[in-house]
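File shown here: target_28.pdb, holding PDB, C-alpha atoms.
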```pdb
ATOM      1  CA  MET A 152      34.928 -10.349  32.501  1.00  0.00           C
ATOM      2  CA  VAL A 153      32.167 -10.611  29.907  1.00  0.00           C
ATOM      3  CA  SER A 154      30.185  -7.629  28.698  1.00  0.00           C
ATOM      4  CA  LEU A 155      26.780  -8.125  27.162  1.00  0.00           C
ATOM      5  CA  PHE A 156      25.172  -5.532  24.948  1.00  0.00           C
ATOM      6  CA  LEU A 157      21.634  -5.726  23.690  1.00  0.00           C
ATOM      7  CA  LEU A 158      20.927  -4.060  20.391  1.00  0.00           C
ATOM      8  CA  LYS A 159      17.382  -3.398  19.347  1.00  0.00           C
ATOM      9  CA  ILE A 160      16.927  -3.051  15.605  1.00  0.00           C
ATOM     10  CA  THR A 161      13.783  -1.357  14.428  1.00  0.00           C
ATOM     11  CA  THR A 162      12.599  -0.994  10.888  1.00  0.00           C
ATOM     12  CA  ARG A 163      11.429   2.471   9.990  1.00  0.00           C
ATOM     13  CA  THR A 164       8.018   2.622   8.443  1.00  0.00           C
ATOM     14  CA  GLY A 165       6.017   5.191   6.565  1.00  0.00           C
ATOM     15  CA  SER A 166       2.446   5.708   5.507  1.00  0.00           C
ATOM     16  CA  ILE A 167       0.630   6.030   2.201  1.00  0.00           C
ATOM     17  CA  SER A 168      -2.473   8.114   1.627  1.00  0.00           C
ATOM     18  CA  GLY A 169      -4.587   9.372  -1.230  1.00  0.00           C
ATOM     19  CA  ILE A 170      -8.056   9.650  -2.689  1.00  0.00           C
ATOM     20  CA  VAL A 171      -9.719   7.105  -4.966  1.00  0.00           C
ATOM     21  CA  LYS A 172     -12.889   8.081  -6.818  1.00  0.00           C
ATOM     22  CA  VAL A 173     -15.209   6.037  -9.013  1.00  0.00           C
ATOM     23  CA  GLY A 174     -16.361   8.004 -12.058  1.00  0.00           C
ATOM     24  CA  GLY A 175     -20.102   8.727 -11.961  1.00  0.00           C
ATOM     25  CA  TYR A 176     -20.582   7.641  -8.316  1.00  0.00           C
ATOM     26  CA  ARG A 177     -21.159   9.652  -5.133  1.00  0.00           C
ATOM     27  CA  ASP A 178     -20.128   6.939  -2.681  1.00  0.00           C
ATOM     28  CA  HIS A 179     -16.434   6.088  -3.002  1.00  0.00           C
ATOM     29  CA  SER A 180     -16.231   3.786   0.022  1.00  0.00           C
ATOM     30  CA  LYS A 181     -14.969   0.220   0.291  1.00  0.00           C
ATOM     31  CA  ILE A 182     -12.401   0.423  -2.501  1.00  0.00           C
ATOM     32  CA  ARG A 183      -9.501  -1.847  -1.533  1.00  0.00           C
ATOM     33  CA  VAL A 184      -6.013  -0.356  -1.544  1.00  0.00           C
ATOM     34  CA  ARG A 185      -3.168  -2.855  -1.041  1.00  0.00           C
ATOM     35  CA  ILE A 186       0.598  -2.732  -1.060  1.00  0.00           C
ATOM     36  CA  SER A 187       2.128  -5.179  -3.507  1.00  0.00           C
ATOM     37  CA  THR A 188       5.191  -6.181  -5.436  1.00  0.00           C
ATOM     38  CA  LEU A 189       5.267  -7.482  -8.980  1.00  0.00           C
ATOM     39  CA  SER A 190       7.022 -10.586 -10.166  1.00  0.00           C
ATOM     40  CA  ASN A 191       6.964 -12.259 -13.514  1.00  0.00           C
ATOM     41  CA  ASP A 192       7.581 -15.585 -15.129  1.00  0.00           C
ATOM     42  CA  GLU A 193       7.882 -16.327 -18.828  1.00  0.00           C
ATOM     43  CA  ASN A 194       4.263 -15.503 -19.665  1.00  0.00           C
ATOM     44  CA  TYR A 195       2.658 -13.487 -16.874  1.00  0.00           C
ATOM     45  CA  PHE A 196       3.084 -10.713 -14.359  1.00  0.00           C
ATOM     46  CA  ASN A 197       2.043 -11.663 -10.840  1.00  0.00           C
ATOM     47  CA  ILE A 198       0.802  -9.266  -8.176  1.00  0.00           C
ATOM     48  CA  ASP A 199       2.227 -10.368  -4.818  1.00  0.00           C
ATOM     49  CA  TYR A 200       0.452  -8.697  -1.900  1.00  0.00           C
ATOM     50  CA  VAL A 201       2.716  -7.654   0.968  1.00  0.00           C
ATOM     51  CA  GLN A 202       1.951  -9.010   4.435  1.00  0.00           C
ATOM     52  CA  ASP A 203       2.983  -7.799   7.859  1.00  0.00           C
ATOM     53  CA  ASP A 204       4.755  -9.972  10.436  1.00  0.00           C
ATOM     54  CA  GLY A 205       1.387 -11.367  11.563  1.00  0.00           C
ATOM     55  CA  GLY A 206       0.476 -12.557   8.070  1.00  0.00           C
ATOM     56  CA  ASN A 207      -2.096  -9.802   7.474  1.00  0.00           C
ATOM     57  CA  PHE A 208      -2.161  -7.944   4.174  1.00  0.00           C
ATOM     58  CA  ILE A 209      -0.943  -4.369   4.361  1.00  0.00           C
ATOM     59  CA  GLU A 210      -4.088  -2.712   3.075  1.00  0.00           C
ATOM     60  CA  SER A 211      -6.881  -0.254   3.690  1.00  0.00           C
ATOM     61  CA  TYR A 212     -10.331   0.581   2.357  1.00  0.00           C
ATOM     62  CA  THR A 213     -11.519   3.981   1.247  1.00  0.00           C
ATOM     63  CA  GLU A 214     -14.026   6.068   3.172  1.00  0.00           C
ATOM     64  CA  GLN A 215     -17.167   7.463   1.515  1.00  0.00           C
ATOM     65  CA  ASP A 216     -15.220  10.497   0.287  1.00  0.00           C
ATOM     66  CA  GLY A 217     -12.557   8.209  -1.264  1.00  0.00           C
ATOM     67  CA  LYS A 218      -9.790   8.970   1.251  1.00  0.00           C
ATOM     68  CA  PHE A 219      -7.557   6.221   2.572  1.00  0.00           C
ATOM     69  CA  ILE A 220      -4.409   5.833   4.617  1.00  0.00           C
ATOM     70  CA  ILE A 221      -2.171   2.814   5.099  1.00  0.00           C
ATOM     71  CA  THR A 222       0.179   2.984   8.075  1.00  0.00           C
ATOM     72  CA  ASP A 223       3.208   0.989   9.178  1.00  0.00           C
ATOM     73  CA  VAL A 224       4.488   0.327   5.662  1.00  0.00           C
ATOM     74  CA  PRO A 225       8.110  -0.915   5.803  1.00  0.00           C
ATOM     75  CA  SER A 226      10.627   1.009   3.731  1.00  0.00           C
ATOM     76  CA  GLY A 227      11.028  -0.262   0.180  1.00  0.00           C
ATOM     77  CA  ASN A 228       9.667  -0.074  -3.356  1.00  0.00           C
ATOM     78  CA  TYR A 229       6.042  -1.104  -3.820  1.00  0.00           C
ATOM     79  CA  TRP A 230       3.077  -0.930  -6.113  1.00  0.00           C
ATOM     80  CA  VAL A 231      -0.084   0.561  -4.663  1.00  0.00           C
ATOM     81  CA  CYS A 232      -2.804  -1.731  -6.011  1.00  0.00           C
ATOM     82  CA  ILE A 233      -6.322  -0.263  -6.174  1.00  0.00           C
ATOM     83  CA  GLU A 234      -9.135  -2.762  -6.665  1.00  0.00           C
ATOM     84  CA  LYS A 235     -12.908  -2.573  -7.012  1.00  0.00           C
ATOM     85  CA  LYS A 236     -15.113  -5.300  -8.450  1.00  0.00           C
ATOM     86  CA  ASN A 237     -16.041  -4.702 -12.115  1.00  0.00           C
ATOM     87  CA  PHE A 238     -13.296  -2.073 -12.572  1.00  0.00           C
ATOM     88  CA  ASP A 239      -9.763  -2.332 -13.931  1.00  0.00           C
ATOM     89  CA  ILE A 240      -6.999  -2.610 -11.321  1.00  0.00           C
ATOM     90  CA  LYS A 241      -4.890   0.543 -11.019  1.00  0.00           C
ATOM     91  CA  LEU A 242      -1.231   0.341 -10.030  1.00  0.00           C
ATOM     92  CA  LYS A 243       1.053   3.155  -8.912  1.00  0.00           C
ATOM     93  CA  LEU A 244       4.751   2.702  -8.133  1.00  0.00           C
ATOM     94  CA  ILE A 245       5.957   4.264  -4.879  1.00  0.00           C
ATOM     95  CA  THR A 246       9.030   4.248  -2.660  1.00  0.00           C
ATOM     96  CA  VAL A 247       8.678   4.301   1.109  1.00  0.00           C
ATOM     97  CA  ASN A 248      11.862   5.766   2.583  1.00  0.00           C
ATOM     98  CA  THR A 249      13.375   5.198   6.003  1.00  0.00           C
ATOM     99  CA  ASP A 250      12.439   8.752   7.087  1.00  0.00           C
ATOM    100  CA  GLY A 251       8.938   7.678   8.199  1.00  0.00           C
ATOM    101  CA  LYS A 252       7.149  10.291   6.099  1.00  0.00           C
ATOM    102  CA  ASN A 253       3.735   9.950   4.482  1.00  0.00           C
ATOM    103  CA  ILE A 254       3.511   9.457   0.725  1.00  0.00           C
ATOM    104  CA  ASP A 255       0.445  11.053  -0.831  1.00  0.00           C
ATOM    105  CA  ILE A 256      -0.365   9.349  -4.156  1.00  0.00           C
ATOM    106  CA  GLY A 257      -2.889  12.064  -5.018  1.00  0.00           C
ATOM    107  CA  LYS A 258      -6.277  11.430  -6.615  1.00  0.00           C
ATOM    108  CA  ILE A 259      -6.940   8.357  -8.742  1.00  0.00           C
ATOM    109  CA  THR A 260     -10.181   7.796 -10.649  1.00  0.00           C
ATOM    110  CA  LEU A 261     -11.501   4.358 -11.554  1.00  0.00           C
ATOM    111  CA  LYS A 262     -13.497   4.069 -14.751  1.00  0.00           C
TER     112      LYS A 262
END
```

What is this file in structure tokens?
Amino acid sequence: MVSLFLLKITTRTGSISGIVKVGGYRDHSKIRVRISTLSNDENYFNIDYVQDDGGNFIESYTEQDGKFIITDVPSGNYWVCIEKKNFDIKLKLITVNTDGKNIDIGKITLK
């Protein structure tokens, strides 16, 4: 007699939210927020953007009020990478746990 068991393994995911403002502006929309890791070689740090199983970047864009949310982020340690043309990139280290909770990175202002 042979018994067959099927085991479904699911990865727990969480979400990341926050507010990104641009100093001196009223419209805070279309600021790109991506999930990334950092690697380095002898001379440089490299930002490696995280992709989902379909090859799409795990990212979001801010609304006019600066709010954003990124869902379905696999558990792990990441850098939230905030980018807007003609502004310095901002990075914030976060840990997404297996509990599926949202991580609020608070308010970040680009200058």

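Across the structure, CA of Gln215 (chain A) and CA of Gly251 (chain A) are spaced 26.9 Å apart.
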
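When all atoms listed in the file are used to compute distances to Ile182 (chain A), the closest of the residues A:Val224, A:Ile170, A:Ile233, A:Ile254 turns out to be A:Ile233.
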
So, counting all atoms listed in the file, which residue among A:His179, A:Lys172, A:Arg185, A:Lys241 is closest to Thr260 (chain A)?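 Using all atoms listed in the file, the shortest distance to Thr260 (chain A) belongs to A:Lys172.
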
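With all atoms listed in the file as the basis for measurement, A:Asp216 is the residue among A:Glu210, A:Asp216, A:Glu234, A:Asp239 that approaches Lys258 (chain A) most closely.
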
Calculated over all atoms listed in the file, which of the candidates A:Lys262, A:Tyr229, A:Asn253, A:Val247 has the smallest distance to Ile198 (chain A)?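 Looking only at the distances to Ile198 (chain A), the closest residue turns out to be A:Tyr229.
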
Could you work out an axis-aligned box for region 171-189 of chain A, taking every atom the file lists and adding 4 Å on each side, and report centre and edge lengths in Å to one decimal, as lines of an AutoDock Vina configuration file?
```
center_x = -7.9
center_y = 1.1
center_z = -5.9
size_x = 34.4
size_y = 25.1
size_z = 20.3
```

Go through A:Leu261, A:Ile256, A:Glu193, A:Asp250 and flag the residue nearest Lys236 (chain A), using all atoms listed in the file for the distances.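 Under the stated criterion, the closest residue is A:Leu261.
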
Can you give me, as an MDAnalysis selection string, the residues this file yields under the PyMOL selection byres ((chain A and resi 231) around 7)? chainID A and resid 184:187 229:230 232:233 242:244

From A:Asp204, A:Phe196, A:Ser168, A:Arg177, residue lying nearest Ile220 (chain A) [only C-alpha atoms]: A:Ser168

CA of Tyr195 (chain A) to CA of Val171 (chain A), distance in Å rounded to a single decimal: 26.8 Å

Between CA of Gly169 (chain A) and CA of Lys235 (chain A), what distance in Å does the model show, to one decimal? 15.7 Å
